[in-house]
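Note: the block below is query-v9.cif and it holds mmCIF, C-alpha atoms.
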data_run
loop_
_atom_site.label_atom_id
_atom_site.label_comp_id
_atom_site.auth_asym_id
_atom_site.auth_seq_id
_atom_site.Cartn_x
_atom_site.Cartn_y
_atom_site.Cartn_z
CA MET A 1 -121.05 -62.16 64.71
CA LYS A 2 -118.75 -59.47 66.14
CA PHE A 3 -117.62 -56.81 63.69
CA CYS A 4 -113.92 -57.63 64.14
CA LYS A 5 -114.46 -61.22 63.00
CA LYS A 6 -116.75 -60.11 60.18
CA TYR A 7 -114.15 -57.61 58.98
CA GLU A 8 -111.31 -60.15 59.11
CA GLU A 9 -113.36 -62.67 57.12
CA TYR A 10 -114.28 -60.05 54.52
CA MET A 11 -110.69 -58.89 54.05
CA GLN A 12 -109.42 -62.47 53.91
CA GLY A 13 -111.94 -63.32 51.21
CA GLN A 14 -111.01 -60.22 49.20
CA LYS A 15 -107.27 -60.82 49.48
CA GLU A 16 -107.75 -64.23 47.90
CA LYS A 17 -108.98 -62.39 44.78
CA LYS A 18 -106.64 -59.39 44.85
CA ASN A 19 -104.14 -57.79 47.18
CA LEU A 20 -106.18 -55.24 49.12
CA PRO A 21 -104.90 -52.86 51.80
CA GLY A 22 -107.01 -52.74 54.93
CA VAL A 23 -107.21 -51.56 58.51
CA GLY A 24 -105.32 -53.77 60.98
CA PHE A 25 -108.45 -53.94 63.11
CA LYS A 26 -107.36 -56.93 65.17
CA LYS A 27 -103.83 -55.60 65.69
CA LEU A 28 -105.10 -52.16 66.75
CA LYS A 29 -107.50 -53.76 69.23
CA LYS A 30 -104.58 -55.64 70.80
CA ILE A 31 -102.72 -52.34 71.22
CA LEU A 32 -105.74 -50.90 73.00
CA LYS A 33 -106.02 -53.96 75.24
CA ARG A 34 -102.42 -53.51 76.36
CA CYS A 35 -103.21 -49.88 77.10
CA ARG A 36 -106.29 -50.94 79.10
CA ARG A 37 -104.12 -53.16 81.31
CA ARG A 38 -101.84 -50.30 82.33
CA ASP A 39 -101.26 -49.75 85.97
CA HIS A 40 -104.46 -48.51 87.60
CA GLN A 41 -102.59 -46.44 90.16
CA ILE A 42 -100.71 -44.46 87.48
CA ALA A 43 -103.97 -43.88 85.63
CA SER A 44 -105.61 -42.55 88.80
CA ILE A 45 -102.72 -40.14 89.45
CA ASN A 46 -102.87 -38.81 85.90
CA HIS A 47 -106.61 -38.45 86.12
CA GLN A 48 -106.24 -36.31 89.25
CA HIS A 49 -103.86 -34.04 87.35
CA GLY A 50 -106.26 -33.75 84.44
CA ASN A 51 -104.46 -36.24 82.15
CA ASN A 52 -106.60 -39.12 80.95
CA CYS A 53 -103.59 -40.96 79.49
CA PRO A 54 -100.29 -41.56 81.29
CA ARG A 55 -97.08 -40.29 79.67
CA GLU A 56 -95.70 -43.81 79.23
CA CYS A 57 -98.82 -45.09 77.46
CA THR A 58 -97.51 -46.54 74.18
CA VAL A 59 -100.78 -45.67 72.44
CA CYS A 60 -100.51 -41.98 73.30
CA ASP A 61 -96.78 -41.95 72.51
CA GLY A 62 -97.56 -42.55 68.85
CA THR A 63 -98.09 -46.25 68.28
CA PHE A 64 -101.81 -46.22 67.57
CA PHE A 65 -102.54 -43.11 65.49
CA PRO A 66 -99.53 -43.19 63.09
CA GLU A 67 -100.26 -46.83 62.28
CA LEU A 68 -103.95 -46.13 61.69
CA LEU A 69 -103.11 -43.07 59.58
CA LYS A 70 -100.82 -45.09 57.30
CA GLU A 71 -103.49 -47.77 56.85
CA MET A 72 -106.15 -45.16 56.06
CA GLU A 73 -103.90 -43.58 53.41
CA ASP A 74 -103.39 -46.99 51.78
CA VAL A 75 -107.12 -47.80 51.85
CA VAL A 76 -108.22 -44.44 50.38
CA GLY A 77 -105.42 -44.51 47.79
CA TRP A 78 -106.38 -48.00 46.59
CA PHE A 79 -110.09 -47.11 46.49
CA ASN A 80 -109.53 -43.86 44.53
CA GLU A 81 -107.21 -45.52 42.02
CA ASN A 82 -109.51 -48.45 41.28
CA ALA A 83 -112.71 -46.38 41.23
CA GLN A 84 -111.05 -44.03 38.74
CA LYS A 85 -110.01 -46.95 36.48
CA LEU A 86 -113.51 -48.44 36.60
CA LEU A 87 -115.26 -45.18 35.74
CA GLU A 88 -112.79 -44.36 32.97
CA LEU A 89 -113.51 -47.77 31.48
CA HIS A 90 -117.27 -47.19 31.71
CA LEU A 91 -116.98 -43.85 29.89
CA ALA A 92 -114.44 -45.09 27.34
CA SER A 93 -115.32 -45.75 23.72
CA ARG A 94 -116.18 -49.32 22.71
CA PHE A 95 -112.86 -49.62 20.89
CA LYS A 96 -110.83 -48.54 23.92
CA ARG A 97 -112.90 -50.80 26.16
CA CYS A 98 -112.19 -53.79 23.93
CA LEU A 99 -108.46 -53.01 23.97
CA THR A 100 -108.50 -52.84 27.76
CA TRP A 101 -110.30 -56.17 28.06
CA LEU A 102 -107.99 -57.83 25.52
CA LYS A 103 -104.99 -56.73 27.57
CA GLY A 104 -106.60 -58.42 30.57
CA ASN A 105 -106.37 -55.25 32.65
CA ASN A 106 -107.22 -56.28 36.25
CA ASN A 107 -109.03 -59.35 34.86
CA ARG A 108 -112.22 -57.38 34.35
CA LYS A 109 -115.22 -59.23 33.06
CA ARG A 110 -116.14 -58.47 29.48
CA SER A 111 -119.69 -57.37 30.20
CA HIS A 112 -121.91 -54.63 31.51
CA LEU A 113 -122.61 -56.81 34.54
CA GLY A 114 -118.88 -57.11 35.17
CA LEU A 115 -118.60 -53.34 35.57
CA ILE A 116 -121.57 -53.28 37.94
CA GLN A 117 -120.14 -56.07 40.08
CA GLU A 118 -116.76 -54.36 40.30
CA GLY A 119 -118.47 -51.12 41.33
CA LYS A 120 -120.43 -53.00 44.00
CA ASP A 121 -117.19 -54.53 45.32
CA LEU A 122 -115.62 -51.08 45.57
CA VAL A 123 -118.60 -49.70 47.47
CA SER A 124 -118.56 -52.64 49.90
CA TYR A 125 -114.84 -52.12 50.43
CA ALA A 126 -115.31 -48.40 51.16
CA LEU A 127 -118.22 -49.01 53.51
CA ILE A 128 -116.69 -51.77 55.65
CA ASN A 129 -113.39 -49.91 56.03
CA SER A 130 -115.21 -46.73 56.98
CA VAL A 131 -117.12 -48.61 59.68
CA ALA A 132 -113.92 -50.29 60.90
CA ILE A 133 -112.17 -46.92 61.30
CA ARG A 134 -115.15 -45.41 63.09
CA LYS A 135 -115.41 -48.35 65.51
CA ILE A 136 -111.71 -48.47 66.39
CA LEU A 137 -111.63 -44.71 67.09
CA LYS A 138 -114.74 -45.02 69.23
CA LYS A 139 -113.07 -47.82 71.19
CA TYR A 140 -109.96 -45.68 71.65
CA ASP A 141 -112.03 -42.86 73.19
CA LYS A 142 -113.90 -45.29 75.43
CA ILE A 143 -110.72 -46.86 76.85
CA HIS A 144 -108.95 -43.52 77.34
CA GLU A 145 -112.04 -41.60 78.44
CA SER A 146 -111.03 -38.91 75.99
CA SER A 147 -112.04 -37.33 72.69
CA GLN A 148 -108.69 -37.85 70.96
CA GLY A 149 -110.21 -40.38 68.57
CA GLN A 150 -112.80 -37.84 67.44
CA ALA A 151 -110.08 -35.18 67.12
CA PHE A 152 -108.05 -37.58 64.96
CA LYS A 153 -111.07 -38.16 62.73
CA THR A 154 -111.46 -34.40 62.27
CA GLN A 155 -107.77 -34.13 61.46
CA VAL A 156 -107.83 -36.80 58.74
CA GLN A 157 -110.89 -35.17 57.20
CA LYS A 158 -108.86 -31.97 56.85
CA MET A 159 -106.06 -34.07 55.33
CA HIS A 160 -108.60 -35.49 52.81
CA ILE A 161 -107.99 -39.15 53.62
CA GLU A 162 -111.54 -39.89 54.79
CA ILE A 163 -112.95 -42.45 52.36
CA LEU A 164 -116.52 -41.12 52.55
CA GLN A 165 -115.22 -37.71 51.40
CA SER A 166 -113.65 -39.14 48.26
CA PRO A 167 -114.93 -37.56 45.01
CA TRP A 168 -114.77 -41.05 43.50
CA LEU A 169 -117.47 -42.23 45.92
CA CYS A 170 -119.66 -39.41 44.60
CA GLU A 171 -118.85 -40.57 41.07
CA LEU A 172 -119.79 -44.17 41.95
CA MET A 173 -123.13 -42.94 43.29
CA ALA A 174 -123.81 -41.12 40.02
CA PHE A 175 -122.53 -44.18 38.12
CA HIS A 176 -125.08 -46.34 39.96
CA ILE A 177 -128.00 -44.06 39.05
CA ASN A 178 -126.80 -43.73 35.45
CA LEU A 179 -126.64 -47.50 35.10
CA LYS A 180 -130.28 -47.81 36.10
CA GLU A 181 -131.15 -45.46 33.25
CA THR A 182 -128.90 -47.10 30.69
CA GLN A 183 -130.47 -49.44 28.18
CA LYS A 184 -129.14 -52.95 28.70
CA ASP A 185 -127.36 -54.87 25.96
CA CYS A 186 -129.42 -57.44 24.08
CA SER A 187 -127.44 -60.28 25.62
CA GLU A 188 -128.20 -58.99 29.12
CA ALA A 189 -131.79 -58.02 28.49
CA VAL A 190 -132.84 -61.66 28.50
CA LEU A 191 -131.43 -62.30 31.95
CA ALA A 192 -134.05 -63.49 34.42
CA THR A 193 -132.47 -61.68 37.37
CA PRO A 194 -131.73 -57.94 37.46
CA PRO A 195 -128.11 -56.76 37.74
CA PRO A 196 -126.82 -56.18 41.29
CA ALA A 197 -127.24 -52.68 42.71
CA LEU A 198 -124.21 -50.73 43.92
CA PHE A 199 -126.19 -48.88 46.59
CA ASP A 200 -129.48 -49.30 48.39
CA GLY A 201 -131.53 -46.12 48.55
CA CYS A 202 -129.30 -43.97 46.34
CA SER A 203 -131.04 -41.20 44.41
CA LEU A 204 -130.89 -37.67 43.08
CA VAL A 205 -133.54 -35.59 44.85
CA PHE A 206 -134.60 -31.96 44.56
CA ASP A 207 -135.35 -30.16 47.82
CA ASP A 208 -137.05 -26.83 47.06
CA GLY A 209 -135.48 -26.97 43.62
CA LYS A 210 -131.99 -27.60 44.98
CA PRO A 211 -130.34 -30.87 43.84
CA LEU A 212 -129.05 -33.33 46.42
CA LEU A 213 -127.29 -36.64 45.84
CA SER A 214 -128.45 -38.83 48.71
CA CYS A 215 -127.38 -42.35 49.58
CA GLU A 216 -127.92 -44.64 52.56
CA LEU A 217 -124.75 -46.73 52.73
CA SER A 218 -125.98 -48.63 55.79
CA ASP A 219 -128.37 -48.30 58.74
CA SER A 220 -125.95 -45.93 60.45
CA LEU A 221 -124.22 -44.26 57.49
CA LYS A 222 -125.85 -41.80 55.12
CA VAL A 223 -124.15 -39.50 52.61
CA ASP A 224 -125.82 -36.32 51.33
CA ILE A 225 -123.97 -34.29 48.71
CA ASP A 226 -125.21 -30.78 47.93
CA LEU A 227 -125.03 -30.15 44.19
CA THR A 228 -125.56 -26.40 44.35
CA CYS A 229 -122.53 -24.35 43.36
CA SER A 230 -121.80 -21.89 46.17
CA ILE A 231 -120.38 -19.38 43.67
CA CYS A 232 -123.19 -19.04 41.11
CA LEU A 233 -125.82 -20.46 43.52
CA ASP A 234 -127.19 -22.71 40.79
CA THR A 235 -127.03 -26.43 40.02
CA VAL A 236 -123.41 -27.34 39.27
CA PHE A 237 -122.61 -27.45 35.56
CA ASP A 238 -119.59 -29.38 34.30
CA PRO A 239 -118.95 -30.22 37.99
CA ILE A 240 -115.50 -30.46 39.50
CA SER A 241 -114.42 -31.48 42.98
CA LEU A 242 -111.52 -29.65 44.59
CA THR A 243 -109.12 -31.59 46.81
CA CYS A 244 -110.91 -30.18 49.87
CA GLY A 245 -114.07 -32.00 48.71
CA HIS A 246 -116.20 -29.00 47.71
CA ILE A 247 -117.95 -29.18 44.34
CA TYR A 248 -118.24 -26.26 41.90
CA CYS A 249 -119.00 -25.57 38.27
CA TYR A 250 -115.77 -25.73 36.28
CA MET A 251 -116.11 -22.15 35.02
CA CYS A 252 -116.87 -20.90 38.54
CA ALA A 253 -113.82 -22.73 39.90
CA CYS A 254 -111.62 -21.17 37.22
CA SER A 255 -112.96 -17.75 38.13
CA ALA A 256 -112.31 -18.37 41.85
CA ALA A 257 -108.77 -19.53 41.07
CA SER A 258 -108.15 -16.49 38.83
CA VAL A 259 -107.25 -18.60 35.79
CA ASN A 260 -108.47 -18.71 32.21
CA VAL A 261 -110.38 -21.80 31.06
CA VAL A 262 -107.76 -22.30 28.35
CA ASP A 263 -104.99 -22.64 30.93
CA GLY A 264 -107.17 -24.68 33.30
CA LEU A 265 -107.07 -25.24 37.05
CA LYS A 266 -103.68 -26.99 36.96
CA THR A 267 -102.08 -23.59 36.41
CA ALA A 268 -103.76 -22.04 39.47
CA ASP A 269 -101.48 -20.41 42.01
CA PRO A 270 -101.07 -22.61 45.13
CA SER A 271 -102.06 -19.65 47.31
CA GLU A 272 -105.55 -19.50 45.78
CA LYS A 273 -108.18 -20.61 48.30
CA CYS A 274 -111.41 -22.59 48.19
CA PRO A 275 -114.30 -20.08 48.35
CA LEU A 276 -115.99 -22.12 51.11
CA CYS A 277 -113.37 -23.52 53.47
CA ARG A 278 -110.57 -21.06 52.53
CA GLU A 279 -108.05 -23.91 52.20
CA VAL A 280 -105.09 -23.37 49.89
CA CYS A 281 -103.56 -25.71 47.27
CA VAL A 282 -106.94 -27.23 46.35
CA TYR A 283 -107.12 -26.59 42.59
CA LYS A 284 -104.23 -28.51 41.07
CA GLY A 285 -105.57 -31.94 42.06
CA ALA A 286 -109.22 -31.18 41.21
CA VAL A 287 -111.30 -34.06 39.81
CA HIS A 288 -113.77 -33.72 36.93
CA LEU A 289 -117.03 -35.48 37.91
CA ASP A 290 -118.03 -36.87 34.52
CA GLU A 291 -120.62 -39.40 35.78
CA LEU A 292 -122.28 -36.70 37.87
CA SER A 293 -122.32 -34.43 34.83
CA ILE A 294 -124.12 -37.14 32.81
CA LEU A 295 -126.63 -37.65 35.62
CA LEU A 296 -127.47 -33.95 35.92
CA LYS A 297 -127.73 -33.61 32.14
CA ARG A 298 -130.35 -36.39 32.10
CA SER A 299 -132.25 -35.03 35.10
CA CYS A 300 -132.25 -31.30 34.24
CA ARG A 301 -132.46 -31.25 30.45
CA GLU A 302 -133.88 -27.74 29.96
CA TYR A 303 -131.55 -26.14 32.50
CA TRP A 304 -128.58 -28.06 31.12
CA GLU A 305 -129.20 -26.98 27.54
CA GLU A 306 -129.65 -23.34 28.52
CA ARG A 307 -126.53 -23.38 30.68
CA ARG A 308 -124.55 -25.13 27.93
CA LYS A 309 -125.29 -22.32 25.48
CA THR A 310 -124.31 -19.66 28.02
CA GLU A 311 -121.10 -21.42 28.99
CA ARG A 312 -120.15 -22.03 25.37
CA ALA A 313 -120.37 -18.30 24.65
CA GLU A 314 -118.29 -17.50 27.75
CA ARG A 315 -115.63 -20.06 26.87
CA LEU A 316 -115.35 -18.77 23.31
CA GLN A 317 -114.98 -15.22 24.63
CA GLN A 318 -112.27 -16.26 27.10
CA ALA A 319 -110.46 -18.27 24.43
CA LYS A 320 -110.56 -15.29 22.04
CA GLU A 321 -109.17 -12.94 24.71
CA TYR A 322 -106.49 -15.47 25.63
CA TRP A 323 -105.19 -15.95 22.08
CA ASP A 324 -105.42 -12.23 21.33
CA TYR A 325 -103.18 -11.62 24.34
CA GLN A 326 -100.76 -14.37 23.26
CA CYS A 327 -100.52 -12.91 19.76
CA ARG A 328 -99.86 -9.40 21.10
CA SER A 329 -97.19 -10.74 23.46
CA PHE A 330 -95.51 -12.66 20.63
CA THR A 331 -95.54 -9.79 18.13
CA GLY A 332 -94.79 -7.12 20.75
CA ILE A 333 -97.72 -5.00 19.65
#
Please go through the file and, once you have read it, give me the structure as structure tokens.
Amino acid sequence: MKFCKKYEEYMQGQKEKKNLPGVGFKKLKKILKRCRRRDHQIASINHQHGNNCPRECTVCDGTFFPELLKEMEDVVGWFNENAQKLLELHLASRFKRCLTWLKGNNNRKRSHLGLIQEGKDLVSYALINSVAIRKILKKYDKIHESSQGQAFKTQVQKMHIEILQSPWLCELMAFHINLKETQKDCSEAVLATPPPALFDGCSLVFDDGKPLLSCELSDSLKVDIDLTCSICLDTVFDPISLTCGHIYCYMCACSAASVNVVDGLKTADPSEKCPLCREVCVYKGAVHLDELSILLKRSCREYWEERRKTERAERLQQAKEYWDYQCRSFTGI
């Protein structure tokens, strides 16, 4: 079965359950077919002058890329929003979880298996849309004999609308590993079949003592996330992902942003840059990686306990200095 048909069938099946945004794969292919049928003579003339695409090509005039960009924004936005809701529900107290289920929020199943299945659906959604985007850009470059599709992919990565760069995908990977370690409820322990896995081949590995979150999403897609903080050069503690996608310890990120832990990263000046990529405006929308924090706490118990004591002392010291300063400012001393 061709991928286009497979994708259309998948999206049609999902839309029967819920209204999902997707890539207009079939529509975009039709745009490219019209471009392929352009006048061969005009194409030859442009090629002689070093232009792979004629000026009047509707694709190059802005039909193809703006439409794909809008669809990618919708896909990533929907994925991030629903992954966040799922993981918040997983980490919520039993009382809050019961309230959510009683309200019928998103018709979630009232079970551990329901959370796993919803996570699996989100992963499948991210994977098939990522493949669809990669294939349509590859087709664009093939038809135009150019590298504009690859350049567009690089551009959207800088704009942080690449679904495989989403911090919530990293959280789902950690969620998957945590679920394998979680003791099942009595009602689920008697099930003859094991719960469905979110990922195949997803694991936390240590390469020369350095932690790496590795996951094979498919035969052609693999995600490796380095969990070493580039500031303290140690395993990330209380990890946070900046909007550029780089992961740091929360205290290290506060230090890089020149803010106190009491004020937090939301108060960081927009001109403050990521220590790695030097991009600005990356702190305000930072995401706390709670599932990843749980995973690392389970996997590095001795390190985690030692680091917790150190960080606690540092936070208390910063809090003391902060409130001393506030008191002096208030009293004018």
For this session: Apply the PyMOL selection byres ((chain A and resi 223) around 12) to the displayed file and report the matching residues as a PyMOL selection string.
Result: chain A and resi 127+163-166+169-170+173+199-204+212-222+224-226
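The two atoms in question, CA of His160 (chain A) and CA of Asp141 (chain A), are spaced 21.9 Å apart.
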For this session: Up to 12 Å from (-104.2, -44.2, 54.7) in the file's coordinates: name the residues, counting all atoms listed in the file, as JSON, numbers by chain.
Result: {"A": [21, 22, 23, 24, 65, 66, 67, 68, 69, 70, 71, 72, 73, 74, 75, 76, 77, 78, 79, 80, 129, 130, 133, 156, 157, 159, 160, 161, 162, 163]}
For this session: Just the residues within 12 Å of Ala256 (chain A), please, counting all atoms listed in the file, with nothing from its chain fewer than 5 positions along; format it as a ChimeraX atom specification.
Result: /A:229-232,242,248-251,261,264-265,268-269,271-276,278,280,282-283
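Counting all atoms listed in the file, the residue from A:Phe64, A:Trp304, A:Phe25, A:Phe175 that sits nearest to Glu9 (chain A) is A:Phe25.
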Exercise. Which is closest to Leu87 (chain A) among A:Arg328, A:Arg312, A:Lys142, A:His176, if we use only C-alpha atoms?
Worked result: A:His176
For this session: Could you state which residues are captured by the PyMOL selection byres ((chain A and resi 295-298) around 12) in this file, as a ChimeraX atom specification?
Result: /A:170-182,203-206,210-213,227-228,235-239,289-294,299-308
For this session: Run the PyMOL selection byres ((chain A and resi 318) around 12) mentally over the shown coordinates, then write out the matched residues as a ChimeraX atom specification, using the chain letters and numbers from the document.
Result: /A:251,254-255,259-264,311-317,319-325
